[in-house]
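With PDB, C-alpha atoms inside, this is start28.pdb:
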```pdb
ATOM      1  CA  MET A1072       9.211  17.730 -15.601
ATOM      2  CA  LYS A1073       9.775  14.622 -17.688
ATOM      3  CA  ARG A1074       8.080  11.501 -16.322
ATOM      4  CA  SER A1075      10.264   8.391 -16.182
ATOM      5  CA  PRO A1076       9.165   4.838 -17.049
ATOM      6  CA  GLY A1077       9.564   4.086 -13.340
ATOM      7  CA  SER A1078       6.923   6.671 -12.501
ATOM      8  CA  ALA A1079       4.447   4.830 -14.745
ATOM      9  CA  TRP A1080       5.112   1.624 -12.815
ATOM     10  CA  LEU A1081       4.739   3.424  -9.502
ATOM     11  CA  THR A1082       1.457   4.973 -10.664
ATOM     12  CA  ALA A1083       0.159   1.585 -11.816
ATOM     13  CA  THR A1084       1.172  -0.005  -8.508
ATOM     14  CA  VAL A1085      -0.548   2.672  -6.411
ATOM     15  CA  LEU A1086      -3.730   2.368  -8.490
ATOM     16  CA  ALA A1087      -3.644  -1.454  -8.368
ATOM     17  CA  HIS A1088      -3.223  -1.187  -4.592
ATOM     18  CA  LEU A1089      -6.323   1.012  -4.425
ATOM     19  CA  VAL A1090      -8.394  -1.513  -6.398
ATOM     20  CA  VAL A1091      -7.187  -4.436  -4.269
ATOM     21  CA  SER A1092      -7.873  -2.397  -1.112
ATOM     22  CA  ILE A1093     -11.459  -1.790  -2.197
ATOM     23  CA  VAL A1094     -12.043  -5.475  -2.954
ATOM     24  CA  HIS A1095     -10.415  -6.430   0.357
ATOM     25  CA  GLY A1096     -12.720  -3.967   2.106
ATOM     26  CA  VAL A1097     -15.710  -5.713   0.531
ATOM     27  CA  ALA A1098     -14.394  -9.051   1.819
ATOM     28  CA  HIS A1099     -13.978  -7.480   5.285
ATOM     29  CA  THR A1100     -17.553  -6.234   5.266
ATOM     30  CA  GLN A1101     -19.118  -9.415   3.897
ATOM     31  CA  ALA A1102     -17.151 -11.637   6.292
ATOM     32  CA  HIS A1103     -18.082  -9.376   9.238
ATOM     33  CA  VAL A1104     -14.456  -8.761  10.198
ATOM     34  CA  PRO A1105     -14.505  -5.765  12.544
ATOM     35  CA  LEU A1106     -11.768  -3.159  12.840
ATOM     36  CA  SER A1107     -11.179  -0.856  15.783
ATOM     37  CA  VAL A1108     -11.547   2.891  15.377
ATOM     38  CA  ALA A1109      -7.745   3.221  15.356
ATOM     39  CA  ALA A1110      -7.392   0.495  12.721
ATOM     40  CA  ASN A1111     -10.091   2.130  10.571
ATOM     41  CA  LEU A1112      -8.298   5.476  10.811
ATOM     42  CA  PHE A1113      -5.044   3.807   9.787
ATOM     43  CA  VAL A1114      -6.771   2.142   6.832
ATOM     44  CA  TYR A1115      -8.378   5.342   5.570
ATOM     45  CA  ILE A1116      -5.414   7.659   6.189
ATOM     46  CA  VAL A1117      -2.298   5.547   5.610
ATOM     47  CA  ILE A1118      -3.453   2.684   3.396
ATOM     48  CA  LEU A1119      -5.990   4.457   1.164
ATOM     49  CA  ALA A1120      -5.336   8.211   1.180
ATOM     50  CA  ALA A1121      -1.574   8.584   1.679
ATOM     51  CA  PRO A1122      -0.419   6.661  -1.427
ATOM     52  CA  LEU A1123      -2.898   8.587  -3.599
ATOM     53  CA  ILE A1124      -1.874  11.918  -2.106
ATOM     54  CA  GLY A1125       1.778  10.942  -2.539
ATOM     55  CA  LEU A1126       1.096  10.087  -6.165
ATOM     56  CA  ALA A1127      -0.524  13.491  -6.733
ATOM     57  CA  VAL A1128       2.391  15.210  -4.980
ATOM     58  CA  THR A1129       4.907  13.486  -7.293
ATOM     59  CA  TRP A1130       3.687  15.695 -10.159
ATOM     60  CA  ARG A1131       5.005  18.810  -8.384
ATOM     61  CA  SER A1132       7.631  17.294  -6.126
ATOM     62  CA  PRO A1133       8.747  13.795  -7.165
ATOM     63  CA  ARG A1134      11.016  13.425  -4.144
ATOM     64  CA  LEU A1135       8.394  14.376  -1.535
ATOM     65  CA  GLY A1136       5.687  12.332  -3.251
ATOM     66  CA  SER A1137       7.969   9.307  -3.457
ATOM     67  CA  TRP A1138       8.791   9.613   0.244
ATOM     68  CA  MET A1139       5.075   9.730   1.031
ATOM     69  CA  ILE A1140       4.388   6.650  -1.085
ATOM     70  CA  ALA A1141       7.365   4.720   0.300
ATOM     71  CA  LEU A1142       6.420   5.413   3.918
ATOM     72  CA  ALA A1143       2.696   4.787   3.420
ATOM     73  CA  MET A1144       3.253   1.541   1.547
ATOM     74  CA  ALA A1145       5.850   0.305   4.049
ATOM     75  CA  GLY A1146       3.535   1.120   6.956
ATOM     76  CA  SER A1147       0.632  -0.536   5.163
ATOM     77  CA  LEU A1148       2.732  -3.633   4.522
ATOM     78  CA  VAL A1149       3.664  -4.002   8.176
ATOM     79  CA  PHE A1150       0.066  -3.377   9.296
ATOM     80  CA  GLY A1151      -1.334  -5.933   6.836
ATOM     81  CA  VAL A1152       1.226  -8.674   7.436
ATOM     82  CA  VAL A1153       0.879  -8.368  11.205
ATOM     83  CA  ASN A1154      -2.923  -8.288  11.187
ATOM     84  CA  HIS A1155      -3.611 -10.785   8.389
ATOM     85  CA  PHE A1156      -0.866 -13.334   8.993
ATOM     86  CA  LEU A1157       0.734 -12.972  12.448
ATOM     87  CA  LEU A1158      -1.726 -11.892  15.156
ATOM     88  CA  ALA A1159      -4.458 -14.309  16.190
ATOM     89  CA  SER A1160      -7.509 -12.113  15.652
ATOM     90  CA  PRO A1161     -10.704 -11.951  13.581
ATOM     91  CA  ASP A1162      -8.558 -10.200  10.903
ATOM     92  CA  HIS A1163      -6.245 -13.230  10.529
ATOM     93  CA  VAL A1164      -6.798 -15.041   7.230
ATOM     94  CA  THR A1165      -7.463 -18.371   8.963
ATOM     95  CA  HIS A1166     -10.170 -16.876  11.225
ATOM     96  CA  VAL A1167     -12.327 -15.353   8.494
ATOM     97  CA  ASP A1168     -15.734 -16.823   7.597
ATOM     98  CA  PRO A1169     -14.963 -19.801   5.309
ATOM     99  CA  GLN A1170     -17.304 -18.465   2.627
ATOM    100  CA  TRP A1171     -15.220 -15.274   2.323
ATOM    101  CA  ARG A1172     -11.802 -16.712   3.233
ATOM    102  CA  PRO A1173     -10.550 -17.257  -0.348
ATOM    103  CA  LEU A1174     -11.258 -13.664  -1.458
ATOM    104  CA  PHE A1175     -10.035 -12.272   1.852
ATOM    105  CA  THR A1176      -6.796 -14.289   1.674
ATOM    106  CA  VAL A1177      -6.065 -13.560  -1.985
ATOM    107  CA  THR A1178      -6.617  -9.838  -1.491
ATOM    108  CA  ALA A1179      -4.528  -9.849   1.713
ATOM    109  CA  VAL A1180      -1.658 -11.410  -0.252
ATOM    110  CA  LEU A1181      -2.148  -9.001  -3.175
ATOM    111  CA  LEU A1182      -2.120  -6.082  -0.741
ATOM    112  CA  ALA A1183       1.225  -7.268   0.619
ATOM    113  CA  VAL A1184       2.593  -7.638  -2.920
ATOM    114  CA  THR A1185       1.443  -4.188  -4.092
ATOM    115  CA  GLU A1186       2.643  -2.569  -0.855
ATOM    116  CA  ALA A1187       6.088  -4.161  -1.092
ATOM    117  CA  LEU A1188       6.308  -3.252  -4.772
ATOM    118  CA  GLY A1189       5.115   0.325  -4.171
ATOM    119  CA  ALA A1190       7.536   0.879  -1.306
ATOM    120  CA  GLY A1191      10.352  -0.657  -3.343
ATOM    121  CA  LEU A1192       9.670   1.376  -6.487
ATOM    122  CA  ALA A1193       9.426   4.607  -4.508
ATOM    123  CA  ALA A1194      12.649   3.790  -2.655
ATOM    124  CA  LYS A1195      14.353   2.934  -5.960
ATOM    125  CA  PHE A1196      13.347   6.328  -7.366
ATOM    126  CA  LEU A1197      14.687   8.065  -4.251
ATOM    127  CA  ALA A1198      17.961   6.134  -4.431
ATOM    128  CA  SER A1199      18.437   6.846  -8.140
ATOM    129  CA  GLU A1200      17.643  10.517  -7.606
ATOM    130  CA  ARG A1201      20.180  10.646  -4.778
ATOM    131  CA  LEU A1202      22.816   9.019  -6.971
ATOM    132  CA  SER A1203      22.155  11.430  -9.845
ATOM    133  CA  THR A1204      22.226  14.413  -7.460
ATOM    134  CA  ASN A1205      25.540  13.240  -5.965
ATOM    135  CA  SER A1206      27.097  12.660  -9.396
ATOM    136  CA  THR A1207      26.327  16.227 -10.502
ATOM    137  CA  ARG A1208      28.095  17.732  -7.505
TER     138      ARG A1208
END
```

Would you mind writing the file out in structure tokens?
Amino acid sequence: MKRSPGSAWLTATVLAHLVVSIVHGVAHTQAHVPLSVAANLFVYIVILAAPLIGLAVTWRSPRLGSWMIALAMAGSLVFGVVNHFLLASPDHVTHVDPQWRPLFTVTAVLLAVTEALGAGLAAKFLASERLSTNSTR
């Protein structure tokens, strides 16, 4: 299978998201921002593991892998925006320890950016694949 330039961007976005997620996790820990068991499971399964698994799957099945990345990144985006910017909770950017607030806020914004970009790139691949499949019929 020939890799497209778009796949390089998607790979870079997923890996950038992983790095930002790790740094954001450090800010969470240092600022003593607790997460529930359910939220921790979501973070580890959907936010961290699913995009990486989707990326690995794209090597064998670009369509399935792209679906996995698109859904994981979209779910992560909703989770992050709601918890970091909408709900009044210890996870809201304005409620974090002032010493850690700048790093926490910057990484929360970068998470939203990489998640939106990852979901968009994966969806763009799926749409272009659908168009090329329909044009060959």

- Query: Looking at all atoms listed in the file, which of A:Ala1193, A:Ala1127, A:Ala1079, A:Val1094 is the one that sits closest to Met1144 in chain A?
  - Reply: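 Answer, going by the shortest atom-to-atom distance: A:Ala1193.
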
Evaluated on this file, the PyMOL selection byres ((chain A and resi 1129) around 12) picks out some residues - which ones are they, written as a PDB file with C-alpha atoms, keeping the file's coordinate frame?
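As a result, result-v6.pdb now contains:
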```
ATOM      1  CA  MET A1072       9.211  17.730 -15.601  1.00  0.00           C
ATOM      2  CA  LYS A1073       9.775  14.622 -17.688  1.00  0.00           C
ATOM      3  CA  ARG A1074       8.080  11.501 -16.322  1.00  0.00           C
ATOM      4  CA  SER A1075      10.264   8.391 -16.182  1.00  0.00           C
ATOM      5  CA  SER A1078       6.923   6.671 -12.501  1.00  0.00           C
ATOM      6  CA  ALA A1079       4.447   4.830 -14.745  1.00  0.00           C
ATOM      7  CA  LEU A1081       4.739   3.424  -9.502  1.00  0.00           C
ATOM      8  CA  THR A1082       1.457   4.973 -10.664  1.00  0.00           C
ATOM      9  CA  PRO A1122      -0.419   6.661  -1.427  1.00  0.00           C
ATOM     10  CA  LEU A1123      -2.898   8.587  -3.599  1.00  0.00           C
ATOM     11  CA  ILE A1124      -1.874  11.918  -2.106  1.00  0.00           C
ATOM     12  CA  GLY A1125       1.778  10.942  -2.539  1.00  0.00           C
ATOM     13  CA  LEU A1126       1.096  10.087  -6.165  1.00  0.00           C
ATOM     14  CA  ALA A1127      -0.524  13.491  -6.733  1.00  0.00           C
ATOM     15  CA  VAL A1128       2.391  15.210  -4.980  1.00  0.00           C
ATOM     16  CA  TRP A1130       3.687  15.695 -10.159  1.00  0.00           C
ATOM     17  CA  ARG A1131       5.005  18.810  -8.384  1.00  0.00           C
ATOM     18  CA  SER A1132       7.631  17.294  -6.126  1.00  0.00           C
ATOM     19  CA  PRO A1133       8.747  13.795  -7.165  1.00  0.00           C
ATOM     20  CA  ARG A1134      11.016  13.425  -4.144  1.00  0.00           C
ATOM     21  CA  LEU A1135       8.394  14.376  -1.535  1.00  0.00           C
ATOM     22  CA  GLY A1136       5.687  12.332  -3.251  1.00  0.00           C
ATOM     23  CA  SER A1137       7.969   9.307  -3.457  1.00  0.00           C
ATOM     24  CA  TRP A1138       8.791   9.613   0.244  1.00  0.00           C
ATOM     25  CA  MET A1139       5.075   9.730   1.031  1.00  0.00           C
ATOM     26  CA  ILE A1140       4.388   6.650  -1.085  1.00  0.00           C
ATOM     27  CA  ALA A1141       7.365   4.720   0.300  1.00  0.00           C
ATOM     28  CA  ALA A1193       9.426   4.607  -4.508  1.00  0.00           C
ATOM     29  CA  PHE A1196      13.347   6.328  -7.366  1.00  0.00           C
ATOM     30  CA  LEU A1197      14.687   8.065  -4.251  1.00  0.00           C
TER      31      LEU A1197
END
```

- Note on the structure: Using all atoms listed in the file, the best pick from A:Leu1086, A:Ala1145, A:Gly1096, A:Tyr1115 as closest to Ala1194 in chain A would be A:Ala1145

- Note on the structure: Among A:Thr1176, A:Gln1101, A:Thr1084, A:Gln1170, Asn1154 in chain A is approached most closely, using all atoms listed in the file, by A:Thr1176

Specify the axis-aligned box that encloses all atoms of range 1092-1110 of chain A listed in the file after padding of 8 Å on each side, stating its centre and edge lengths in Å to one decimal as JSON.
```
{"center_x": -13.3, "center_y": -4.2, "center_z": 6.4, "size_x": 27.7, "size_y": 30.9, "size_z": 34.7}
```

- Record the distance separating CA of Val1104 in chain A and CA of Pro1161 in chain A, expressed in Å with one decimal.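 For CA of Val1104 in chain A relative to CA of Pro1161 in chain A, the distance reads 6.0 Å.
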
- Query: So what do you get for CA of Leu1188 in chain A versus CA of Ala1120 in chain A, distance-wise?
  - Reply: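 The value is 17.4 Å.
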
I'd like the neighbourhood of His1163 in chain A as a PDB file with C-alpha atoms, keeping the file's coordinate frame, where a residue qualifies if any of its atoms comes within 12 Å (using all atoms listed in the file), though same-chain residues fewer than 3 positions away should be ignored.
```pdb
ATOM      1  CA  HIS A1099     -13.978  -7.480   5.285  1.00  0.00           C
ATOM      2  CA  ALA A1102     -17.151 -11.637   6.292  1.00  0.00           C
ATOM      3  CA  VAL A1104     -14.456  -8.761  10.198  1.00  0.00           C
ATOM      4  CA  PRO A1105     -14.505  -5.765  12.544  1.00  0.00           C
ATOM      5  CA  LEU A1106     -11.768  -3.159  12.840  1.00  0.00           C
ATOM      6  CA  PHE A1150       0.066  -3.377   9.296  1.00  0.00           C
ATOM      7  CA  GLY A1151      -1.334  -5.933   6.836  1.00  0.00           C
ATOM      8  CA  VAL A1152       1.226  -8.674   7.436  1.00  0.00           C
ATOM      9  CA  VAL A1153       0.879  -8.368  11.205  1.00  0.00           C
ATOM     10  CA  ASN A1154      -2.923  -8.288  11.187  1.00  0.00           C
ATOM     11  CA  HIS A1155      -3.611 -10.785   8.389  1.00  0.00           C
ATOM     12  CA  PHE A1156      -0.866 -13.334   8.993  1.00  0.00           C
ATOM     13  CA  LEU A1157       0.734 -12.972  12.448  1.00  0.00           C
ATOM     14  CA  LEU A1158      -1.726 -11.892  15.156  1.00  0.00           C
ATOM     15  CA  ALA A1159      -4.458 -14.309  16.190  1.00  0.00           C
ATOM     16  CA  SER A1160      -7.509 -12.113  15.652  1.00  0.00           C
ATOM     17  CA  HIS A1166     -10.170 -16.876  11.225  1.00  0.00           C
ATOM     18  CA  VAL A1167     -12.327 -15.353   8.494  1.00  0.00           C
ATOM     19  CA  ASP A1168     -15.734 -16.823   7.597  1.00  0.00           C
ATOM     20  CA  ARG A1172     -11.802 -16.712   3.233  1.00  0.00           C
ATOM     21  CA  PHE A1175     -10.035 -12.272   1.852  1.00  0.00           C
ATOM     22  CA  THR A1176      -6.796 -14.289   1.674  1.00  0.00           C
ATOM     23  CA  ALA A1179      -4.528  -9.849   1.713  1.00  0.00           C
ATOM     24  CA  VAL A1180      -1.658 -11.410  -0.252  1.00  0.00           C
TER      25      VAL A1180
END
```

- Length of the CA of Val1149 in chain A to CA of Leu1182 in chain A vector [Å]: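 If I compute the distance from CA of Val1149 in chain A to CA of Leu1182 in chain A, I get 10.8 Å.
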
- Message: Using only C-alpha atoms, can you tell me which of A:Leu1192, A:Ala1198, A:Ala1183, A:Ala1121 comes closest to Gly1077 in chain A?
- Response: A:Leu1192

- Task: Kindly indicate which residue among A:Thr1185, A:Leu1174, A:Pro1169, A:Gly1146 lies nearest to Leu1089 in chain A, using all atoms listed in the file for the distances.
- Result: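 Among the listed residues, the smallest separation from Leu1089 in chain A belongs to A:Thr1185.
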
- Query: With only C-alpha atoms as the atoms that count, which of A:Ala1098, A:Val1117, A:Val1091, A:Leu1112 lies nearest to Leu1142 in chain A?
  - Reply: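 So, comparing all the options, the nearest one is A:Val1117.
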